Amino acid sequence: MKSRDTIVWIEGLWKSFGSLVVNEDINIYINYGEVVSVLGPNGAGKTTLLRQVYGELRSDKGEIFIMGMSPGKARGSGVMSVVPQEAMPFHLLRVAEHIEMLVRLRGMSKGMIRQCVDEAIDIVGLGDYRNSLIYDLSGGMKRLVLVASAIACRPRLIILDEPTVGIDAQNRRRIWEAIRGARDGGSAVILTTHYLHEAEELSDRVYLMNRRILMDGPPGELRRRLPWVEVRSDDGAGSIRVSWDEAVNVINDLVRRRVRFEVREPSLEDVFIEVFGDGHEAE
Amino acid sequence: MGMRLSNVVTITRYVLLSSRHWVYVSLGFTLMFPILWLILLRAVGNPRYMDYFVVGTVVNTSFLIPFLGTSQDMAYFKRESSIYTLLYSNGADHWEIALGYILQLIVLNTPSIVALLFLSVLIMGLSYGIVQIVVTIVTAVLISLSSALLGYALGISVKNYRVVNQIAQIIPWPLLLLAPVYYPITILPPVLRYVSLALPTTYMALAINGSLGLNLGDLSRGLAGMFVYSLASILIARYAIVRGEVNG
């Protein structure tokens, strides 16, 4: 719910392209010091929603406020940083130059720039590549440059549209640490990702959307909405999903028969599949 | 939200930094090719048209690179690489991006025009005074600005980057060959004279001709024509920006 800590509030937002409705009556609130993930299948309207938040698209109806300002004004006042979907950094700049460029566009004072850039480079672990040409870096490192550019100087709102797509586990972990660090520093982070494990790891709250918001809440709360646990055993029965009450009996039986087993609680991926069906992708 | 000079300068600075890797092709296009072209015209061209050869080469240099560079790079930034969105979403407005980019092109292109004018005196044997050269440099900068605005309108209006890339390479040739850029308008067939009146390069050549000849009438008519094309470019780009905000 909207409170004094709310940095972004989106109310009754609609967006269509011709006759195609992409966002339908979206209501979202994001607080300072919070990581909020917007999840949904491809074509669910996540990127369209974010493009309205950072002012690249005009909404048909509804309101977006960032610290009480319109998206255009917030963008111009340097309170937010963005890594757009499928963004690539400016290949022909050096790592430090790229971060510097975006920090300058966000209007940071000259005295702070050097310190901000060095800090951001250290956070994502690119210290050895400070003066390297971005063109010469791996795909994962290029993503790190974008994330470093976004977190530098701790903007109040950081928007990351699929920041970890296609990168290795090590670099993904570095990005996760950067996101957690930004949150701990008081920034609000809006994240979209197809990696549901990532959303589960990072998010304080999650919005599941497919054109409109279908479900929202903290990941733990969403998981608890699924009334089962999965029991996997080595007795040839494979895995079965049973209610918590039934699980006790099933487990007692397995223990009595000395069968190896494991119990798994529902994950965010299970919630995703429950909401969207298993025809959609989830990684 | 008004235009912030600091953002324009930031974009100019970092696009310039990224251009350091293209120094050879930049030197080739902006200096070596025009000089070679002047030398060839001196050797094989009609001596009556020496002044026009200089006018044509200056127009070519101040028009071609800003038009081609802006249209292709803006289309690439916006449609192919998402650099445009990266700059925009992190605080730069559309016109700050456009002017920042255009300013770096002018910074890169103007020294070539200065060198070209001084070298043309040596190569073509023409005697331009310092006032003529200074006025011509200022006019050439305005041509670069006007051409880059045309390029921005093209680059930002067409959604398909590959189409822009091709159109941008084709358009300059009729603009430079059908307009009286390298020769006087009087030697064009009557039909082509009318066609040439609709081409922006005709007014660019008129303005350079007026600058080198210190002919205020030609200079003002040339600048007026360029102003009309620049205004049209701004309106087209503005329409494309608004359309993009609505339709994605």
# chains A, B, ... in the order shown; residues from 1 in each chain; ligands from 1
$ residues_around --residues "segment 68-81 of chain B" --least-positions-apart "3" --cutoff "8 Å" --atoms "only C-alpha atoms" --output "mmCIF file with N, CA and C atoms, in the first residue's frame"
data_model
loop_
_atom_site.group_PDB
_atom_site.id
_atom_site.type_symbol
_atom_site.label_atom_id
_atom_site.label_comp_id
_atom_site.auth_asym_id
_atom_site.auth_seq_id
_atom_site.Cartn_x
_atom_site.Cartn_y
_atom_site.Cartn_z
ATOM 1 N N ALA A 87 19.917 -3.762 -23.401
ATOM 2 C CA ALA A 87 20.836 -2.631 -23.598
ATOM 3 C C ALA A 87 22.268 -3.129 -23.727
ATOM 4 N N MET A 88 23.011 -2.460 -24.569
ATOM 5 C CA MET A 88 24.447 -2.700 -24.650
ATOM 6 C C MET A 88 25.140 -1.384 -24.312
ATOM 7 N N LEU B 64 27.933 16.002 -46.435
ATOM 8 C CA LEU B 64 27.893 14.535 -46.508
ATOM 9 C C LEU B 64 28.087 13.852 -45.149
ATOM 10 N N ILE B 65 29.178 14.177 -44.457
ATOM 11 C CA ILE B 65 29.481 13.473 -43.198
ATOM 12 C C ILE B 65 28.424 13.753 -42.125
ATOM 13 N N TYR B 84 20.573 4.870 -27.430
ATOM 14 C CA TYR B 84 19.695 6.056 -27.345
ATOM 15 C C TYR B 84 18.811 5.958 -26.094
ATOM 16 N N THR B 85 18.206 4.777 -25.890
ATOM 17 C CA THR B 85 17.340 4.583 -24.719
ATOM 18 C C THR B 85 18.156 4.692 -23.432
ATOM 19 N N TYR B 101 25.238 14.963 -30.194
ATOM 20 C CA TYR B 101 25.851 14.193 -31.275
ATOM 21 C C TYR B 101 26.294 15.129 -32.409
ATOM 22 N N ILE B 102 25.385 16.054 -32.780
ATOM 23 C CA ILE B 102 25.667 16.959 -33.906
ATOM 24 C C ILE B 102 26.892 17.840 -33.597
ATOM 25 N N LEU B 105 30.034 16.103 -34.250
ATOM 26 C CA LEU B 105 30.328 16.010 -35.683
ATOM 27 C C LEU B 105 30.902 17.328 -36.209
ATOM 28 N N ALA B 148 22.941 17.821 -40.536
ATOM 29 C CA ALA B 148 22.812 16.867 -39.425
ATOM 30 C C ALA B 148 21.360 16.806 -38.948
ATOM 31 N N LEU B 149 20.666 17.947 -38.976
ATOM 32 C CA LEU B 149 19.243 17.940 -38.590
ATOM 33 C C LEU B 149 18.429 17.106 -39.581
ATOM 34 N N LEU B 150 18.765 17.245 -40.879
ATOM 35 C CA LEU B 150 18.112 16.385 -41.891
ATOM 36 C C LEU B 150 18.373 14.917 -41.560
ATOM 37 N N GLY B 151 19.625 14.629 -41.211
ATOM 38 C CA GLY B 151 20.003 13.254 -40.864
ATOM 39 C C GLY B 151 19.274 12.764 -39.627
ATOM 40 N N TYR B 152 19.130 13.637 -38.628
ATOM 41 C CA TYR B 152 18.438 13.245 -37.391
ATOM 42 C C TYR B 152 16.972 12.923 -37.688
ATOM 43 N N ALA B 153 16.356 13.792 -38.532
ATOM 44 C CA ALA B 153 14.941 13.558 -38.889
ATOM 45 C C ALA B 153 14.792 12.190 -39.560
ATOM 46 N N LEU B 154 15.731 11.874 -40.473
ATOM 47 C CA LEU B 154 15.666 10.565 -41.147
ATOM 48 C C LEU B 154 15.935 9.434 -40.157
ATOM 49 N N GLY B 155 16.978 9.591 -39.362
ATOM 50 C CA GLY B 155 17.404 8.515 -38.457
ATOM 51 C C GLY B 155 16.373 8.169 -37.406
ATOM 52 N N ILE B 156 15.636 9.167 -36.962
ATOM 53 C CA ILE B 156 14.705 8.932 -35.862
ATOM 54 C C ILE B 156 13.288 8.609 -36.364
ATOM 55 N N VAL B 158 12.404 6.737 -39.267
ATOM 56 C CA VAL B 158 12.198 5.422 -39.884
ATOM 57 C C VAL B 158 12.543 4.342 -38.860
ATOM 58 N N LYS B 159 11.628 3.390 -38.695
ATOM 59 C CA LYS B 159 11.813 2.405 -37.624
ATOM 60 C C LYS B 159 12.862 1.344 -37.945
ATOM 61 N N ASN B 160 13.051 1.081 -39.250
ATOM 62 C CA ASN B 160 13.971 0.008 -39.636
ATOM 63 C C ASN B 160 15.379 0.576 -39.847
ATOM 64 N N TYR B 161 16.284 0.168 -38.973
ATOM 65 C CA TYR B 161 17.658 0.675 -39.016
ATOM 66 C C TYR B 161 18.340 0.386 -40.361
ATOM 67 N N VAL B 164 17.240 2.853 -43.037
ATOM 68 C CA VAL B 164 17.898 4.165 -42.856
ATOM 69 C C VAL B 164 19.330 4.092 -43.386
ATOM 70 N N ASN B 165 20.002 3.010 -43.034
ATOM 71 C CA ASN B 165 21.389 2.834 -43.441
ATOM 72 C C ASN B 165 21.536 2.936 -44.963
ATOM 73 N N ALA B 168 20.313 6.540 -46.369
ATOM 74 C CA ALA B 168 21.305 7.577 -46.063
ATOM 75 C C ALA B 168 22.486 7.536 -47.032
ATOM 76 N N GLN B 169 22.749 6.365 -47.588
ATOM 77 C CA GLN B 169 23.857 6.280 -48.542
ATOM 78 C C GLN B 169 23.436 6.676 -49.948
#
$ residues_around --residues "Asn60 of chain B" --least-positions-apart "6" --cutoff "9 Å" --atoms "only C-alpha atoms" --output "list in words"
Pro34, Pro172, Leu176, Val181 and Thr201 of chain B
$ closest_atom_pairs --of "chain A" --to "chain B" --cutoff "9 Å" --atoms "only C-alpha atoms" --output "Markdown table"
| residue | atom | partner | partner_atom | distance |
| --- | --- | --- | --- | --- |
| A:Ser16 | CA | B:Asn247 | CA | 8.3 |
| A:Phe17 | CA | B:Asn247 | CA | 5.8 |
| A:Gly18 | CA | B:Asn247 | CA | 7.8 |
| A:Thr48 | CA | B:Gly248 | CA | 8.4 |
| A:Arg51 | CA | B:Ser89 | CA | 8.6 |
| A:Gln52 | CA | B:Glu245 | CA | 9.0 |
| A:Tyr54 | CA | B:Ser89 | CA | 5.9 |
| A:Gly55 | CA | B:Ser89 | CA | 7.3 |
| A:Glu56 | CA | B:Glu245 | CA | 5.9 |
| A:Leu57 | CA | B:Glu245 | CA | 4.3 |
| A:Arg58 | CA | B:Glu245 | CA | 5.4 |
| A:Ser59 | CA | B:Val246 | CA | 7.7 |
| A:Asp60 | CA | B:Val246 | CA | 8.3 |
| A:Gly72 | CA | B:Met1 | CA | 8.0 |
| A:Lys73 | CA | B:Met1 | CA | 7.2 |
| A:Ala74 | CA | B:Gly91 | CA | 8.6 |
| A:Arg75 | CA | B:Gly91 | CA | 5.1 |
| A:Gly76 | CA | B:Gly91 | CA | 4.9 |
| A:Ser77 | CA | B:Gly91 | CA | 7.4 |
| A:Gly78 | CA | B:Gly91 | CA | 6.2 |
| A:Met80 | CA | B:Asn90 | CA | 6.9 |
| A:Ser81 | CA | B:Asn90 | CA | 5.2 |
| A:Val82 | CA | B:Ser89 | CA | 5.9 |
| A:Val83 | CA | B:Leu86 | CA | 6.7 |
| A:Pro84 | CA | B:Leu86 | CA | 6.4 |
| A:Gln85 | CA | B:Ser82 | CA | 8.3 |
| A:Glu86 | CA | B:Ser82 | CA | 7.4 |
| A:Ala87 | CA | B:Ser82 | CA | 5.3 |
| A:Met88 | CA | B:Ser81 | CA | 6.2 |
| A:Pro89 | CA | B:Ile83 | CA | 6.7 |
| A:Phe90 | CA | B:Ile83 | CA | 6.7 |
| A:His91 | CA | B:Ser18 | CA | 8.0 |
| A:Leu92 | CA | B:Ser18 | CA | 4.8 |
| A:Leu93 | CA | B:Ser18 | CA | 5.3 |
| A:Arg94 | CA | B:Ser18 | CA | 8.7 |
| A:Glu97 | CA | B:Tyr14 | CA | 7.6 |
| A:His98 | CA | B:Tyr14 | CA | 8.1 |
| A:Met101 | CA | B:Thr10 | CA | 6.7 |
| A:Leu102 | CA | B:Asn90 | CA | 6.4 |
| A:Val103 | CA | B:Asn90 | CA | 8.3 |
| A:Arg104 | CA | B:Thr10 | CA | 6.9 |
| A:Leu105 | CA | B:Gly91 | CA | 5.4 |
| A:Arg106 | CA | B:Gly91 | CA | 5.4 |
| A:Gly107 | CA | B:Gly91 | CA | 8.1 |
| A:Ala150 | CA | B:Asn90 | CA | 8.4 |
$ residues_around --residues "Arg211 of chain A" --least-positions-apart "2" --cutoff "6 Å" --atoms "only C-alpha atoms" --output "PyMOL selection string"
chain A and resi 22-24+44-45+209
$ write_last_selection --atoms "C-alpha atoms" --output "tab-separated table (two decimals), in the first residue's frame"
chain	number	residue	atom	x	y	z
A	22	VAL	CA	-0.64	-4.10	-23.20
A	23	ASN	CA	-1.15	-2.72	-19.68
A	24	GLU	CA	-4.58	-2.85	-18.09
A	44	ALA	CA	3.12	-9.65	-20.60
A	45	GLY	CA	3.75	-5.89	-20.83
A	209	MET	CA	1.51	-9.68	-14.40
$ select_by_dssp --residues "segment 107-259 of chain A" --states "helix (DSSP H, G or I)" --output "VMD selection string"
chain A and resid 110 to 123 127 to 129 134 to 136 139 to 151 169 to 184 196 to 202 219 to 224 244 to 256
$ closest_residue --among "B:Leu117, B:Ile106, B:Ile171, B:Val55" --to "Met204 of chain B" --atoms "only C-alpha atoms"
B:Val55
$ residues_around --residues "Tyr194 of chain B" --least-positions-apart "5" --cutoff "12 Å" --atoms "only C-alpha atoms" --output "list of chain:residue names"
B:Leu178, B:Ala179, B:Pro180, B:Ile185, B:Thr186, B:Leu188, B:Pro189, B:Leu199, B:Thr202
$ select_by_dssp --residues "segment 146-268 of chain A" --states "strand (DSSP E or B)" --output "ChimeraX atom specification"
/A:157-161,188-192,205-210,212-217,229-233,238-242,261-264
$ write_last_selection --atoms "N, CA and C atoms" --output "JSON list (two decimals), in the first residue's frame"
[["chain", "number", "residue", "atom", "x", "y", "z"],
["A", 157, "LEU", "N", 16.09, 5.67, -7.32],
["A", 157, "LEU", "CA", 15.34, 4.59, -7.98],
["A", 157, "LEU", "C", 16.20, 3.97, -9.08],
["A", 158, "ILE", "N", 16.33, 2.65, -9.06],
["A", 158, "ILE", "CA", 17.13, 1.95, -10.07],
["A", 158, "ILE", "C", 16.21, 0.98, -10.79],
["A", 159, "ILE", "N", 16.13, 1.11, -12.12],
["A", 159, "ILE", "CA", 15.26, 0.24, -12.91],
["A", 159, "ILE", "C", 16.15, -0.69, -13.74],
["A", 160, "LEU", "N", 15.99, -1.98, -13.53],
["A", 160, "LEU", "CA", 16.83, -2.96, -14.23],
["A", 160, "LEU", "C", 15.92, -3.92, -14.99],
["A", 161, "ASP", "N", 15.91, -3.80, -16.32],
["A", 161, "ASP", "CA", 15.05, -4.63, -17.15],
["A", 161, "ASP", "C", 15.87, -5.83, -17.66],
["A", 188, "ALA", "N", 15.46, 2.26, -4.10],
["A", 188, "ALA", "CA", 14.42, 1.32, -4.51],
["A", 188, "ALA", "C", 14.86, 0.72, -5.84],
["A", 189, "VAL", "N", 14.64, -0.57, -6.01],
["A", 189, "VAL", "CA", 15.05, -1.24, -7.26],
["A", 189, "VAL", "C", 13.84, -1.91, -7.87],
["A", 190, "ILE", "N", 13.59, -1.62, -9.15],
["A", 190, "ILE", "CA", 12.56, -2.36, -9.89],
["A", 190, "ILE", "C", 13.30, -3.30, -10.84],
["A", 191, "LEU", "N", 12.95, -4.55, -10.76],
["A", 191, "LEU", "CA", 13.68, -5.58, -11.51],
["A", 191, "LEU", "C", 12.69, -6.39, -12.33],
["A", 192, "THR", "N", 13.04, -6.65, -13.59],
["A", 192, "THR", "CA", 12.31, -7.69, -14.31],
["A", 192, "THR", "C", 13.31, -8.79, -14.65],
["A", 205, "ARG", "N", 9.30, -7.78, -2.62],
["A", 205, "ARG", "CA", 7.94, -8.04, -3.10],
["A", 205, "ARG", "C", 7.99, -8.36, -4.58],
["A", 206, "VAL", "N", 6.95, -9.06, -5.03],
["A", 206, "VAL", "CA", 6.88, -9.50, -6.42],
["A", 206, "VAL", "C", 5.49, -9.15, -6.98],
["A", 207, "TYR", "N", 5.47, -8.66, -8.21],
["A", 207, "TYR", "CA", 4.20, -8.49, -8.92],
["A", 207, "TYR", "C", 4.19, -9.47, -10.08],
["A", 208, "LEU", "N", 3.18, -10.31, -10.16],
["A", 208, "LEU", "CA", 3.02, -11.21, -11.30],
["A", 208, "LEU", "C", 2.02, -10.56, -12.24],
["A", 209, "MET", "N", 2.42, -10.36, -13.47],
["A", 209, "MET", "CA", 1.51, -9.68, -14.40],
["A", 209, "MET", "C", 1.46, -10.36, -15.75],
["A", 210, "ASN", "N", 0.30, -10.29, -16.33],
["A", 210, "ASN", "CA", 0.15, -10.63, -17.73],
["A", 210, "ASN", "C", -0.90, -9.66, -18.26],
["A", 212, "ARG", "N", -2.32, -7.36, -16.95],
["A", 212, "ARG", "CA", -2.72, -6.72, -15.69],
["A", 212, "ARG", "C", -2.06, -7.47, -14.53],
["A", 213, "ILE", "N", -2.06, -6.87, -13.36],
["A", 213, "ILE", "CA", -1.44, -7.50, -12.19],
["A", 213, "ILE", "C", -2.36, -8.64, -11.73],
["A", 214, "LEU", "N", -1.78, -9.85, -11.68],
["A", 214, "LEU", "CA", -2.57, -11.02, -11.29],
["A", 214, "LEU", "C", -2.37, -11.39, -9.83],
["A", 215, "MET", "N", -1.21, -11.07, -9.29],
["A", 215, "MET", "CA", -0.92, -11.45, -7.91],
["A", 215, "MET", "C", 0.26, -10.60, -7.44],
["A", 216, "ASP", "N", 0.29, -10.25, -6.18],
["A", 216, "ASP", "CA", 1.46, -9.55, -5.67],
["A", 216, "ASP", "C", 1.65, -9.82, -4.19],
["A", 217, "GLY", "N", 2.87, -9.64, -3.74],
["A", 217, "GLY", "CA", 3.19, -9.86, -2.33],
["A", 217, "GLY", "C", 4.63, -10.29, -2.18],
["A", 229, "VAL", "N", 3.10, -29.50, -0.30],
["A", 229, "VAL", "CA", 4.55, -29.70, -0.31],
["A", 229, "VAL", "C", 4.83, -30.88, -1.23],
["A", 230, "GLU", "N", 6.02, -30.91, -1.77],
["A", 230, "GLU", "CA", 6.37, -32.00, -2.69],
["A", 230, "GLU", "C", 7.29, -32.98, -1.94],
["A", 231, "VAL", "N", 6.92, -34.24, -1.94],
["A", 231, "VAL", "CA", 7.74, -35.27, -1.29],
["A", 231, "VAL", "C", 8.32, -36.15, -2.40],
["A", 232, "ARG", "N", 9.66, -36.18, -2.45],
["A", 232, "ARG", "CA", 10.34, -37.03, -3.45],
["A", 232, "ARG", "C", 10.97, -38.19, -2.70],
["A", 233, "SER", "N", 10.70, -39.37, -3.20],
["A", 233, "SER", "CA", 11.26, -40.54, -2.51],
["A", 233, "SER", "C", 11.93, -41.48, -3.50],
["A", 238, "GLY", "N", 8.42, -41.72, -7.16],
["A", 238, "GLY", "CA", 8.79, -40.41, -7.71],
["A", 238, "GLY", "C", 8.42, -39.31, -6.74],
["A", 239, "SER", "N", 7.88, -38.22, -7.28],
["A", 239, "SER", "CA", 7.52, -37.13, -6.39],
["A", 239, "SER", "C", 6.00, -36.96, -6.37],
["A", 240, "ILE", "N", 5.49, -36.69, -5.17],
["A", 240, "ILE", "CA", 4.05, -36.45, -5.05],
["A", 240, "ILE", "C", 3.82, -35.14, -4.31],
["A", 241, "ARG", "N", 2.74, -34.46, -4.68],
["A", 241, "ARG", "CA", 2.38, -33.22, -4.00],
["A", 241, "ARG", "C", 1.20, -33.50, -3.09],
["A", 242, "VAL", "N", 1.38, -33.18, -1.83],
["A", 242, "VAL", "CA", 0.32, -33.45, -0.86],
["A", 242, "VAL", "C", 0.15, -32.22, 0.04],
["A", 261, "PHE", "N", 14.18, -39.88, 1.25],
["A", 261, "PHE", "CA", 13.21, -38.93, 0.68],
["A", 261, "PHE", "C", 13.68, -37.49, 0.94],
["A", 262, "GLU", "N", 13.08, -36.57, 0.19],
["A", 262, "GLU", "CA", 13.28, -35.15, 0.48],
["A", 262, "GLU", "C", 11.96, -34.41, 0.33],
["A", 263, "VAL", "N", 11.83, -33.34, 1.09],
["A", 263, "VAL", "CA", 10.60, -32.54, 1.07],
["A", 263, "VAL", "C", 10.92, -31.17, 0.50],
["A", 264, "ARG", "N", 10.13, -30.75, -0.47],
["A", 264, "ARG", "CA", 10.37, -29.43, -1.08],
["A", 264, "ARG", "C", 9.13, -28.56, -0.94]]
$ decode --residues "segment 144-170 of chain B" --atoms "N, CA and C atoms" --output "PDB file, in the first residue's frame"
ATOM      1  N   SER B 144      26.642  22.174 -41.936  1.00  0.00           N
ATOM      2  CA  SER B 144      26.799  20.923 -41.171  1.00  0.00           C
ATOM      3  C   SER B 144      25.625  20.740 -40.219  1.00  0.00           C
ATOM      4  N   LEU B 145      25.244  21.814 -39.545  1.00  0.00           N
ATOM      5  CA  LEU B 145      24.130  21.754 -38.588  1.00  0.00           C
ATOM      6  C   LEU B 145      22.831  21.399 -39.308  1.00  0.00           C
ATOM      7  N   SER B 146      22.585  22.096 -40.420  1.00  0.00           N
ATOM      8  CA  SER B 146      21.353  21.861 -41.177  1.00  0.00           C
ATOM      9  C   SER B 146      21.319  20.427 -41.725  1.00  0.00           C
ATOM     10  N   SER B 147      22.464  19.957 -42.226  1.00  0.00           N
ATOM     11  CA  SER B 147      22.535  18.597 -42.796  1.00  0.00           C
ATOM     12  C   SER B 147      22.351  17.549 -41.712  1.00  0.00           C
ATOM     13  N   ALA B 148      22.941  17.821 -40.536  1.00  0.00           N
ATOM     14  CA  ALA B 148      22.812  16.867 -39.425  1.00  0.00           C
ATOM     15  C   ALA B 148      21.360  16.806 -38.948  1.00  0.00           C
ATOM     16  N   LEU B 149      20.666  17.947 -38.976  1.00  0.00           N
ATOM     17  CA  LEU B 149      19.243  17.940 -38.590  1.00  0.00           C
ATOM     18  C   LEU B 149      18.429  17.106 -39.581  1.00  0.00           C
ATOM     19  N   LEU B 150      18.765  17.245 -40.879  1.00  0.00           N
ATOM     20  CA  LEU B 150      18.112  16.385 -41.891  1.00  0.00           C
ATOM     21  C   LEU B 150      18.373  14.917 -41.560  1.00  0.00           C
ATOM     22  N   GLY B 151      19.625  14.629 -41.211  1.00  0.00           N
ATOM     23  CA  GLY B 151      20.003  13.254 -40.864  1.00  0.00           C
ATOM     24  C   GLY B 151      19.274  12.764 -39.627  1.00  0.00           C
ATOM     25  N   TYR B 152      19.130  13.637 -38.628  1.00  0.00           N
ATOM     26  CA  TYR B 152      18.438  13.245 -37.391  1.00  0.00           C
ATOM     27  C   TYR B 152      16.972  12.923 -37.688  1.00  0.00           C
ATOM     28  N   ALA B 153      16.356  13.792 -38.532  1.00  0.00           N
ATOM     29  CA  ALA B 153      14.941  13.558 -38.889  1.00  0.00           C
ATOM     30  C   ALA B 153      14.792  12.190 -39.560  1.00  0.00           C
ATOM     31  N   LEU B 154      15.731  11.874 -40.473  1.00  0.00           N
ATOM     32  CA  LEU B 154      15.666  10.565 -41.147  1.00  0.00           C
ATOM     33  C   LEU B 154      15.935   9.434 -40.157  1.00  0.00           C
ATOM     34  N   GLY B 155      16.978   9.591 -39.362  1.00  0.00           N
ATOM     35  CA  GLY B 155      17.404   8.515 -38.457  1.00  0.00           C
ATOM     36  C   GLY B 155      16.373   8.169 -37.406  1.00  0.00           C
ATOM     37  N   ILE B 156      15.636   9.167 -36.962  1.00  0.00           N
ATOM     38  CA  ILE B 156      14.705   8.932 -35.862  1.00  0.00           C
ATOM     39  C   ILE B 156      13.288   8.609 -36.364  1.00  0.00           C
ATOM     40  N   SER B 157      13.018   8.938 -37.634  1.00  0.00           N
ATOM     41  CA  SER B 157      11.650   8.750 -38.149  1.00  0.00           C
ATOM     42  C   SER B 157      11.393   7.333 -38.644  1.00  0.00           C
ATOM     43  N   VAL B 158      12.404   6.737 -39.267  1.00  0.00           N
ATOM     44  CA  VAL B 158      12.198   5.422 -39.884  1.00  0.00           C
ATOM     45  C   VAL B 158      12.543   4.342 -38.860  1.00  0.00           C
ATOM     46  N   LYS B 159      11.628   3.390 -38.695  1.00  0.00           N
ATOM     47  CA  LYS B 159      11.813   2.405 -37.624  1.00  0.00           C
ATOM     48  C   LYS B 159      12.862   1.344 -37.945  1.00  0.00           C
ATOM     49  N   ASN B 160      13.051   1.081 -39.250  1.00  0.00           N
ATOM     50  CA  ASN B 160      13.971   0.008 -39.636  1.00  0.00           C
ATOM     51  C   ASN B 160      15.379   0.576 -39.847  1.00  0.00           C
ATOM     52  N   TYR B 161      16.284   0.168 -38.973  1.00  0.00           N
ATOM     53  CA  TYR B 161      17.658   0.675 -39.016  1.00  0.00           C
ATOM     54  C   TYR B 161      18.340   0.386 -40.361  1.00  0.00           C
ATOM     55  N   ARG B 162      18.061  -0.794 -40.911  1.00  0.00           N
ATOM     56  CA  ARG B 162      18.724  -1.165 -42.162  1.00  0.00           C
ATOM     57  C   ARG B 162      18.246  -0.291 -43.322  1.00  0.00           C
ATOM     58  N   VAL B 163      16.970   0.066 -43.285  1.00  0.00           N
ATOM     59  CA  VAL B 163      16.427   0.949 -44.328  1.00  0.00           C
ATOM     60  C   VAL B 163      17.106   2.316 -44.242  1.00  0.00           C
ATOM     61  N   VAL B 164      17.240   2.853 -43.037  1.00  0.00           N
ATOM     62  CA  VAL B 164      17.898   4.165 -42.856  1.00  0.00           C
ATOM     63  C   VAL B 164      19.330   4.092 -43.386  1.00  0.00           C
ATOM     64  N   ASN B 165      20.002   3.010 -43.034  1.00  0.00           N
ATOM     65  CA  ASN B 165      21.389   2.834 -43.441  1.00  0.00           C
ATOM     66  C   ASN B 165      21.536   2.936 -44.963  1.00  0.00           C
ATOM     67  N   GLN B 166      20.590   2.321 -45.665  1.00  0.00           N
ATOM     68  CA  GLN B 166      20.667   2.328 -47.131  1.00  0.00           C
ATOM     69  C   GLN B 166      20.239   3.668 -47.716  1.00  0.00           C
ATOM     70  N   ILE B 167      19.105   4.189 -47.212  1.00  0.00           N
ATOM     71  CA  ILE B 167      18.615   5.474 -47.737  1.00  0.00           C
ATOM     72  C   ILE B 167      19.675   6.560 -47.544  1.00  0.00           C
ATOM     73  N   ALA B 168      20.313   6.540 -46.369  1.00  0.00           N
ATOM     74  CA  ALA B 168      21.305   7.577 -46.063  1.00  0.00           C
ATOM     75  C   ALA B 168      22.486   7.536 -47.032  1.00  0.00           C
ATOM     76  N   GLN B 169      22.749   6.365 -47.588  1.00  0.00           N
ATOM     77  CA  GLN B 169      23.857   6.280 -48.542  1.00  0.00           C
ATOM     78  C   GLN B 169      23.436   6.676 -49.948  1.00  0.00           C
ATOM     79  N   ILE B 170      22.131   6.525 -50.230  1.00  0.00           N
ATOM     80  CA  ILE B 170      21.647   6.823 -51.583  1.00  0.00           C
ATOM     81  C   ILE B 170      21.329   8.311 -51.750  1.00  0.00           C
TER      82      ILE B 170
END
